[in-house]
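**Q** Structure file data.cif (mmCIF, C-alpha atoms) is given on the next line.
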data_protein
#
loop_
_atom_site.label_atom_id
_atom_site.label_comp_id
_atom_site.auth_asym_id
_atom_site.auth_seq_id
_atom_site.Cartn_x
_atom_site.Cartn_y
_atom_site.Cartn_z
CA MET A 1 2.59 35.04 -11.24
CA THR A 2 2.18 36.53 -14.71
CA LEU A 3 1.65 40.26 -14.95
CA PHE A 4 -1.09 41.79 -17.08
CA PRO A 5 0.66 43.36 -20.09
CA ARG A 6 1.20 47.07 -20.40
CA LEU A 7 0.86 49.19 -23.52
CA SER A 8 3.95 50.58 -25.22
CA THR A 9 3.51 53.80 -23.22
CA GLY A 10 3.74 51.86 -19.95
CA ALA A 11 0.07 52.45 -19.21
CA ILE A 12 -2.33 49.67 -18.29
CA ALA A 13 -5.46 51.29 -19.72
CA GLN A 14 -6.74 54.32 -21.60
CA TYR A 15 -9.46 56.79 -20.71
CA PRO A 16 -12.30 56.21 -20.21
CA SER A 17 -11.94 53.05 -18.12
CA SER A 18 -13.87 52.14 -15.00
CA VAL A 19 -13.66 50.16 -11.79
CA ARG A 20 -16.41 48.77 -9.60
CA ALA A 21 -16.68 46.79 -6.42
CA GLU A 22 -19.30 44.10 -6.20
CA THR A 23 -20.78 42.03 -3.43
CA SER A 24 -23.70 39.64 -3.56
CA THR A 25 -26.44 39.92 -1.00
CA ARG A 26 -29.61 37.87 -0.93
CA ILE A 27 -32.54 39.76 0.57
CA LEU A 28 -35.72 38.09 1.75
CA LYS A 29 -38.59 40.52 2.27
CA TYR A 30 -41.43 39.71 4.59
CA ILE A 31 -44.99 40.82 4.61
CA ASP A 32 -44.39 43.14 7.54
CA GLY A 33 -41.72 44.94 5.51
CA SER A 34 -38.81 43.55 7.42
CA GLU A 35 -35.88 42.01 5.65
CA GLN A 36 -33.54 39.18 6.21
CA ARG A 37 -30.24 39.62 4.45
CA PHE A 38 -27.28 37.33 4.06
CA ARG A 39 -24.11 37.20 2.02
CA GLU A 40 -24.03 34.95 -1.01
CA THR A 41 -20.29 35.29 -1.44
CA ALA A 42 -17.49 36.07 0.93
CA GLY A 43 -15.75 39.40 0.42
CA THR A 44 -16.01 42.00 -2.30
CA ALA A 45 -14.96 41.37 -5.86
CA ARG A 46 -13.36 44.16 -7.84
CA PHE A 47 -13.93 44.60 -11.59
CA TRP A 48 -12.03 46.83 -13.96
CA THR A 49 -13.43 47.60 -17.41
CA LEU A 50 -10.57 48.68 -19.62
CA ARG A 51 -11.42 50.50 -22.82
CA LEU A 52 -8.51 50.46 -25.21
CA ASP A 53 -9.66 52.55 -28.15
CA GLN A 54 -6.34 53.56 -29.65
CA VAL A 55 -3.79 50.80 -29.64
CA THR A 56 -1.47 49.67 -32.36
CA GLU A 57 -1.86 46.30 -34.01
CA LEU A 58 1.27 45.15 -32.16
CA GLU A 59 -0.28 46.07 -28.81
CA MET A 60 -3.56 44.44 -29.85
CA SER A 61 -1.85 41.20 -30.85
CA ALA A 62 0.07 41.18 -27.55
CA MET A 63 -3.23 41.50 -25.68
CA GLU A 64 -4.80 38.71 -27.73
CA GLU A 65 -1.77 36.47 -27.16
CA PHE A 66 -2.02 37.10 -23.42
CA PHE A 67 -5.75 36.30 -23.45
CA VAL A 68 -5.17 33.05 -25.34
CA ALA A 69 -2.29 32.11 -23.01
CA GLN A 70 -4.61 32.66 -20.04
CA GLN A 71 -7.32 30.64 -21.82
CA GLY A 72 -9.95 33.20 -21.12
CA ARG A 73 -11.44 33.05 -17.63
CA PHE A 74 -9.28 30.07 -16.68
CA GLY A 75 -5.91 31.65 -16.03
CA GLN A 76 -4.90 33.92 -13.17
CA PHE A 77 -2.47 36.81 -13.22
CA THR A 78 -1.41 39.85 -11.24
CA PHE A 79 -3.16 43.05 -12.25
CA VAL A 80 -2.01 46.55 -11.32
CA ASP A 81 -4.92 48.86 -10.64
CA PRO A 82 -4.47 51.67 -13.21
CA PHE A 83 -6.07 54.19 -10.86
CA ASP A 84 -3.93 53.75 -7.77
CA GLY A 85 -1.13 51.34 -8.67
CA THR A 86 -2.14 48.63 -6.21
CA GLU A 87 -1.20 45.10 -7.25
CA TYR A 88 -3.97 42.56 -7.13
CA PRO A 89 -2.86 38.92 -7.42
CA ASN A 90 -5.27 36.20 -8.55
CA CYS A 91 -7.10 38.29 -11.10
CA SER A 92 -8.65 36.83 -14.23
CA PHE A 93 -10.52 37.85 -17.34
CA ASP A 94 -14.27 38.04 -16.77
CA ALA A 95 -15.16 36.60 -20.16
CA ASP A 96 -14.13 33.73 -22.39
CA SER A 97 -13.89 35.91 -25.48
CA ILE A 98 -12.01 39.01 -26.58
CA ARG A 99 -13.31 41.20 -29.41
CA SER A 100 -10.74 43.25 -31.31
CA GLN A 101 -11.80 46.00 -33.65
CA ILE A 102 -9.55 47.28 -36.39
CA PHE A 103 -10.59 50.85 -37.16
CA GLY A 104 -7.86 51.78 -39.58
CA GLU A 105 -4.20 51.51 -40.42
CA ASP A 106 -2.40 50.36 -37.25
CA TRP A 107 -5.41 51.48 -35.17
CA ALA A 108 -7.23 48.90 -33.12
CA GLY A 109 -9.36 48.77 -30.02
CA THR A 110 -10.99 46.44 -27.57
CA THR A 111 -12.78 46.41 -24.22
CA LEU A 112 -11.71 44.02 -21.48
CA THR A 113 -13.09 43.27 -18.05
CA ILE A 114 -10.73 42.04 -15.35
CA ARG A 115 -11.99 40.52 -12.12
CA SER A 116 -10.16 40.07 -8.87
CA SER A 117 -10.97 36.99 -6.80
CA MET B 1 -7.37 23.89 -55.93
CA THR B 2 -7.81 24.97 -52.31
CA LEU B 3 -11.07 26.70 -51.51
CA CYS B 4 -9.87 30.07 -50.28
CA TYR B 5 -11.89 33.13 -49.31
CA PRO B 6 -11.58 35.55 -52.23
CA GLN B 7 -9.65 38.77 -52.26
CA LEU B 8 -11.17 42.03 -53.53
CA SER B 9 -9.79 43.75 -56.60
CA THR B 10 -7.36 45.64 -54.35
CA GLY B 11 -5.90 42.37 -53.09
CA ALA B 12 -7.36 42.84 -49.61
CA SER B 13 -9.96 40.48 -48.18
CA ALA B 14 -11.50 43.02 -45.81
CA GLN B 15 -12.07 46.72 -45.36
CA PHE B 16 -11.88 48.96 -42.31
CA PRO B 17 -13.54 48.73 -39.87
CA LEU B 18 -13.58 45.03 -39.14
CA SER B 19 -13.78 43.06 -35.93
CA LYS B 20 -12.42 39.75 -34.75
CA THR B 21 -13.58 37.84 -31.69
CA THR B 22 -11.34 35.16 -30.19
CA SER B 23 -13.18 32.82 -27.84
CA THR B 24 -12.22 30.12 -25.38
CA ARG B 25 -14.35 28.08 -22.99
CA THR B 26 -13.99 27.70 -19.27
CA VAL B 27 -16.22 25.50 -17.14
CA MET B 28 -16.61 27.30 -13.85
CA ASN B 29 -18.15 26.20 -10.55
CA ARG B 30 -18.61 28.98 -8.05
CA LEU B 31 -18.78 27.74 -4.48
CA GLY B 32 -20.74 29.14 -1.59
CA ASP B 33 -17.78 31.03 -0.18
CA GLY B 34 -17.21 32.77 -3.51
CA SER B 35 -14.23 30.71 -4.54
CA THR B 36 -14.20 29.00 -7.92
CA ILE B 37 -13.13 25.74 -9.47
CA ARG B 38 -12.20 26.19 -13.12
CA LEU B 39 -11.57 23.81 -15.94
CA ALA B 40 -10.27 25.04 -19.28
CA ASP B 41 -11.61 23.48 -22.49
CA PRO B 42 -8.80 24.20 -24.96
CA ASP B 43 -10.38 22.34 -27.87
CA SER B 44 -13.47 24.52 -28.04
CA GLY B 45 -11.74 27.77 -28.96
CA SER B 46 -12.94 29.70 -31.98
CA CYS B 47 -12.45 32.91 -33.94
CA GLU B 48 -15.20 34.99 -35.51
CA TRP B 49 -14.86 37.87 -37.92
CA GLU B 50 -17.35 40.53 -38.85
CA LEU B 51 -16.41 41.95 -42.24
CA GLN B 52 -18.20 45.09 -43.39
CA TYR B 53 -17.90 45.89 -47.07
CA ARG B 54 -18.82 49.14 -48.77
CA GLY B 55 -18.28 50.34 -52.31
CA LEU B 56 -18.00 46.86 -53.80
CA SER B 57 -18.09 46.70 -57.56
CA ALA B 58 -20.39 44.31 -59.40
CA VAL B 59 -17.38 42.10 -60.16
CA GLU B 60 -16.45 41.90 -56.47
CA ARG B 61 -20.04 41.24 -55.49
CA THR B 62 -20.26 38.41 -58.01
CA SER B 63 -17.00 36.94 -56.78
CA LEU B 64 -18.26 36.82 -53.19
CA GLU B 65 -21.64 35.44 -54.27
CA GLU B 66 -20.08 32.71 -56.41
CA PHE B 67 -17.82 31.71 -53.54
CA PHE B 68 -20.80 31.64 -51.18
CA LYS B 69 -22.62 29.35 -53.61
CA VAL B 70 -19.62 27.02 -54.00
CA VAL B 71 -19.31 26.51 -50.25
CA GLU B 72 -23.11 26.41 -49.96
CA GLY B 73 -23.40 28.87 -47.12
CA ARG B 74 -22.54 27.32 -43.78
CA LEU B 75 -22.07 23.83 -45.21
CA LEU B 76 -18.46 23.66 -46.33
CA THR B 77 -15.31 25.00 -44.75
CA PHE B 78 -12.57 26.86 -46.54
CA LEU B 79 -9.21 28.48 -46.00
CA PHE B 80 -9.33 32.00 -44.61
CA LEU B 81 -6.26 34.20 -44.35
CA ASP B 82 -6.87 36.47 -41.39
CA PRO B 83 -6.71 40.14 -42.46
CA CYS B 84 -5.79 40.94 -38.84
CA GLY B 85 -3.03 38.34 -38.73
CA ASN B 86 0.55 37.61 -39.67
CA LEU B 87 0.70 34.55 -41.93
CA LEU B 88 4.25 33.69 -40.85
CA ALA B 89 4.87 31.25 -38.03
CA TRP B 90 7.24 32.47 -35.31
CA SER B 91 7.74 35.86 -36.92
CA ASP B 92 10.10 37.03 -34.17
CA GLU B 93 12.11 33.80 -34.01
CA PRO B 94 13.67 32.91 -37.38
CA ASP B 95 15.86 30.35 -35.62
CA ARG B 96 12.80 28.11 -35.29
CA ALA B 97 12.25 25.07 -37.52
CA ASP B 98 9.50 26.82 -39.53
CA TRP B 99 12.19 28.97 -41.10
CA SER B 100 14.98 27.65 -43.27
CA ALA B 101 18.34 29.30 -43.64
CA ASP B 102 21.01 28.55 -46.20
CA PRO B 103 23.90 26.54 -44.71
CA LEU B 104 26.38 29.41 -44.40
CA LEU B 105 23.92 31.94 -43.05
CA ARG B 106 24.26 32.42 -39.30
CA VAL B 107 20.97 33.34 -37.59
CA GLU B 108 20.99 34.79 -34.08
CA GLN B 109 17.84 35.98 -32.36
CA SER B 110 17.38 38.02 -29.21
CA ALA B 111 14.43 40.02 -27.85
CA GLY B 112 12.60 40.18 -31.17
CA ILE B 113 15.62 41.28 -33.21
CA THR B 114 17.37 38.82 -35.52
CA GLN B 115 20.89 39.22 -36.78
CA ILE B 116 21.82 37.29 -39.92
CA THR B 117 25.42 36.97 -41.02
CA ASN B 118 26.45 35.70 -44.43
CA THR B 119 29.69 33.76 -44.09
CA ALA B 120 29.61 32.53 -47.69
CA GLN B 121 30.98 33.91 -50.95
CA THR B 122 27.53 34.19 -52.53
CA ARG B 123 24.13 35.49 -51.43
CA GLN B 124 22.49 33.48 -48.68
CA THR B 125 18.79 33.30 -47.87
CA LEU B 126 16.49 33.06 -44.89
CA LYS B 127 12.98 32.00 -45.88
CA GLN B 128 9.71 30.41 -44.86
CA SER B 129 7.37 28.37 -47.08
CA ILE B 130 3.69 28.22 -46.30
CA ASP B 131 1.00 25.96 -47.74
CA ILE B 132 -1.44 28.64 -48.82
CA PRO B 133 -2.57 29.57 -52.34
CA GLY B 134 0.37 30.94 -54.25
CA TRP B 135 -1.84 32.92 -56.64
CA ASN B 136 -3.15 35.42 -54.05
CA ARG B 137 -1.70 38.87 -53.65
CA TYR B 138 0.76 38.95 -50.77
CA CYS B 139 2.89 41.52 -49.02
CA PHE B 140 6.06 40.42 -47.26
CA SER B 141 7.57 43.15 -45.11
CA GLY B 142 10.13 43.67 -42.42
CA GLN B 143 12.40 46.23 -40.84
CA ILE B 144 16.04 46.08 -41.76
CA LYS B 145 19.26 47.76 -40.74
CA SER B 146 22.98 47.18 -40.97
CA ALA B 147 25.84 48.67 -39.03
CA SER B 148 27.99 49.22 -42.10
CA GLY B 149 28.42 48.78 -45.80
CA SER B 150 24.80 49.44 -46.93
CA PRO B 151 24.36 45.84 -48.11
CA ASP B 152 21.85 45.13 -50.86
CA VAL B 153 19.10 43.26 -49.00
CA ARG B 154 16.45 41.59 -51.14
CA LEU B 155 12.99 40.61 -50.03
CA PHE B 156 11.21 38.11 -52.22
CA LEU B 157 8.03 36.13 -52.80
CA GLU B 158 8.19 33.01 -54.91
CA ASN B 159 6.58 29.72 -55.79
CA SER B 160 6.92 27.20 -58.58
CA ASP B 161 5.29 29.65 -60.99
CA GLY B 162 7.33 32.77 -60.39
CA HIS B 163 9.48 35.05 -58.32
CA ILE B 164 9.13 38.71 -57.27
CA GLU B 165 11.74 40.62 -55.35
CA THR B 166 12.57 44.11 -54.17
CA SER B 167 15.90 45.49 -53.17
CA ILE B 168 16.77 47.78 -50.29
CA SER B 169 20.11 49.21 -49.24
CA ALA B 170 20.24 48.59 -45.51
CA ALA B 171 21.10 51.73 -43.59
CA THR B 172 22.17 52.21 -39.97
CA ASP B 173 18.59 53.14 -38.95
CA TRP B 174 15.62 50.80 -39.20
CA GLN B 175 13.99 50.92 -42.64
CA GLN B 176 10.85 49.18 -43.83
CA GLY B 177 11.34 46.79 -46.73
CA ILE B 178 8.29 45.61 -48.66
CA CYS B 179 7.85 43.02 -51.39
CA SER B 180 4.32 42.84 -52.72
CA GLY B 181 2.54 41.35 -55.68
CA ASP B 182 0.82 38.30 -57.06
CA LEU B 183 2.21 35.34 -58.91
CA GLU B 184 0.27 33.70 -61.71
CA GLY B 185 -0.41 29.99 -61.75
CA ALA B 186 -1.97 27.39 -59.49
CA ALA B 187 0.79 26.70 -56.98
CA GLU B 188 -0.49 25.84 -53.53
CA THR B 189 2.56 27.19 -51.74
CA ILE B 190 4.15 30.59 -51.25
CA THR B 191 7.68 31.21 -50.05
CA CYS B 192 8.86 34.52 -48.66
CA GLY B 193 12.36 35.37 -47.64
CA ILE B 194 15.32 37.67 -47.42
CA SER B 195 18.68 37.30 -49.10
CA ILE B 196 21.84 39.18 -48.26
CA PRO B 197 25.14 39.46 -50.12
CA ALA B 198 28.40 37.76 -49.18
CA GLY B 199 29.90 39.01 -45.94
CA ALA B 200 26.90 41.13 -44.96
CA VAL B 201 25.63 41.44 -41.39
CA VAL B 202 22.02 42.58 -41.23
CA LYS B 203 19.52 43.01 -38.41
CA LEU B 204 15.85 42.23 -38.96
CA ARG B 205 12.64 42.67 -37.02
CA HIS B 206 8.88 42.78 -37.56
CA LEU B 207 8.84 40.20 -40.34
CA GLN B 208 5.29 39.88 -41.60
CA LEU B 209 3.43 38.19 -44.44
CA GLN B 210 -0.10 39.35 -45.21
CA ALA B 211 -2.63 38.49 -47.91
CA GLN B 212 -3.05 42.05 -49.15
CA GLY B 213 -1.30 44.59 -51.31
CA SER B 214 0.63 46.59 -48.72
CA ALA B 215 1.92 46.29 -45.17
CA SER B 216 -0.22 46.92 -42.11
CA GLY B 217 0.95 47.44 -38.56
CA TYR B 218 3.12 44.59 -37.33
CA ARG B 219 1.56 41.67 -35.46
CA VAL B 220 3.78 39.12 -33.81
CA SER B 221 3.02 35.45 -34.52
CA THR B 222 4.03 32.27 -32.74
CA SER B 223 2.98 28.70 -33.55
CA LYS B 224 -0.45 30.20 -34.17
CA ASN B 225 -0.48 32.39 -37.24
CA GLY B 226 -3.19 34.00 -39.32
CA ILE B 227 -4.10 30.89 -41.30
CA PHE B 228 -7.47 29.34 -40.54
CA ARG B 229 -8.16 26.21 -42.57
CA LYS B 230 -11.61 25.32 -41.24
CA THR B 231 -13.49 28.59 -41.60
CA ARG B 232 -17.10 28.77 -42.67
CA PHE B 233 -19.77 31.37 -43.18
CA ASP B 234 -21.83 31.97 -40.07
CA ASP B 235 -25.01 32.53 -42.04
CA ASP B 236 -26.91 30.73 -44.80
CA THR B 237 -27.89 34.07 -46.29
CA LEU B 238 -25.67 36.52 -48.12
CA ALA B 239 -27.39 39.80 -48.89
CA PHE B 240 -26.05 42.82 -50.74
CA GLN B 241 -27.43 46.31 -50.73
CA ALA B 242 -27.08 48.35 -53.90
CA ASP B 243 -26.04 51.83 -52.85
CA GLY B 244 -25.54 53.11 -56.36
CA ILE B 245 -24.40 52.14 -59.83
CA ASP B 246 -21.68 49.48 -59.43
CA ASN B 247 -21.69 50.15 -55.68
CA TYR B 248 -22.69 47.44 -53.21
CA SER B 249 -22.37 46.88 -49.50
CA THR B 250 -22.75 43.85 -47.28
CA LEU B 251 -21.87 42.38 -43.89
CA ILE B 252 -20.27 38.94 -43.76
CA ARG B 253 -19.68 36.89 -40.63
CA LEU B 254 -17.17 34.07 -40.62
CA ILE B 255 -16.35 31.58 -37.89
CA SER B 256 -13.44 29.20 -37.50
CA ARG B 257 -12.21 26.70 -34.97
CA ASN B 258 -8.82 27.63 -33.58
#
Please express what this file holds, its structure, as structure tokens.
**A**
Amino acid sequence: MTLFPRLSTGAIAQYPSSVRAETSTRILKYIDGSEQRFRETAGTARFWTLRLDQVTELEMSAMEEFFVAQQGRFGQFTFVDPFDGTEYPNCSFDADSIRSQIFGEDWAGTTLTIRSS
Amino acid sequence: MTLCYPQLSTGASAQFPLSKTTSTRTVMNRLGDGSTIRLADPDSGSCEWELQYRGLSAVERTSLEEFFKVVEGRLLTFLFLDPCGNLLAWSDEPDRADWSADPLLRVEQSAGITQITNTAQTRQTLKQSIDIPGWNRYCFSGQIKSASGSPDVRLFLENSDGHIETSISAATDWQQGICSGDLEGAAETITCGISIPAGAVVKLRHLQLQAQGSASGYRVSTSKNGIFRKTRFDDDTLAFQADGIDNYSTLIRLISRN
């Protein structure tokens, strides 16, 4: 499976970036205050928000090419958690668009969210 | 004459900062167990640009306004040369059909580096012709080196109305070569290329053509390059703010199908 591209330094992300775990629980509350809870999805999804504020135009174009090759949310790839190095297969982009900002000469940035299945 | 988004007096079509959003579309069904069924919609991709301008002169403001009037806001589409893009096709693979090499020029490509060898008795050329307005200001750039002999490598821009070239003596380390300028006339094509003398062996990388006066950071291109032929304004209003005498600012949004 395709690997998420690294920057020229070998890093996956820059600071600050974040990770979150997400479940989905439906809660029904009753008049007596009690609750009935059930899972809406199986398992816990993991999301990484990668802020890339200082990349070169070459790195930015590589990221855009990868996004287009994955066709946004459609494609799946292996993502290496930048915080602990764990490989997560079957990850995908969490959006169908990528916004690149060009701040100056050979200075670009973007924010991406990756989701594990 | 092709309707093409105008350049500013500097030859650039945008200023820093600018942003570009590339979008695709995926139809997604999420099932009860959390799994998903996905269907890609490759024909609905688009690109959007947000171009912030400051310090525009009255002449530049008029040029943008006149263009806006000609295309009647969102009504008509036009050619837009992506300021974030490389106008060449297959910039890292000059052995592709989009490039043309003279018969006695051997072209070998590996891992983004191209070696060209001139086996003829005269200069030989590697070039690419693109159907974009030849009268714009362009910058053709690339990195060049040669193991020996310091060959005289020439980068050029040309069309039926003229020819510009610059010369660089290739050294053993990578050096940036730049050929920049505008050609008068109404030609609807621009050709950029590199010529090397007889017997020379030269390595090239980071070949880039941009619609501006000087070279930006390198962006690799494949079959998709920075040429968008069906771009339109994303707004039926174009407003300028006067920040001073002969000093205007505005925000323009453009959208194009991929």
**Q** Give me the result of the PyMOL selection byres ((chain B) within 6 of (chain A)) on this file, residue by residue, as a list in words.
**A**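 Evaluating the PyMOL selection byres ((chain B) within 6 of (chain A)) on these coordinates yields Phe16, Pro17, Leu18, Ser19, Lys20, Thr21, Thr22, Ser23, Thr24, Arg25, Thr26, Asp33, Gly34, Ala40, Gly217, Tyr218 and Arg219 of chain B.
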**Q** When distances are computed from all atoms listed in the file, which of A:Leu28, A:Phe38, A:Tyr88, A:Leu50 shows the smallest separation from Met63 (chain A)?
**A**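 Smallest distance to Met63 (chain A) is found for A:Leu50.
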**Q** Got a sec to resolve the PyMOL selection byres ((chain A and resi 76) around 6) on this structure and send the residues as a ChimeraX atom specification?
**A** /A:75,77,90-92
**Q** With the file shown as input, list the residues that the PyMOL selection byres ((chain B and resi 201-205) around 6) selects, as a list in words.
**A**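 After applying the PyMOL selection byres ((chain B and resi 201-205) around 6), what remains is Ile113, Thr114, Gln115, Ile116, Thr117, Gln143, Ile144, Lys145, Ser146, Ala200, His206 and Leu207 of chain B.
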**Q** With 8 Å as the threshold, what does the neighbourhood of (-9.9, 25.4, -47.7) contain in terms of residues, counting only C-alpha atoms? Coordinates are those of the file; answer as a list in words.
**A** Thr2, Leu3, Cys4, Thr77, Phe78, Leu79, Phe80, Arg229, Lys230 and Thr231 of chain B
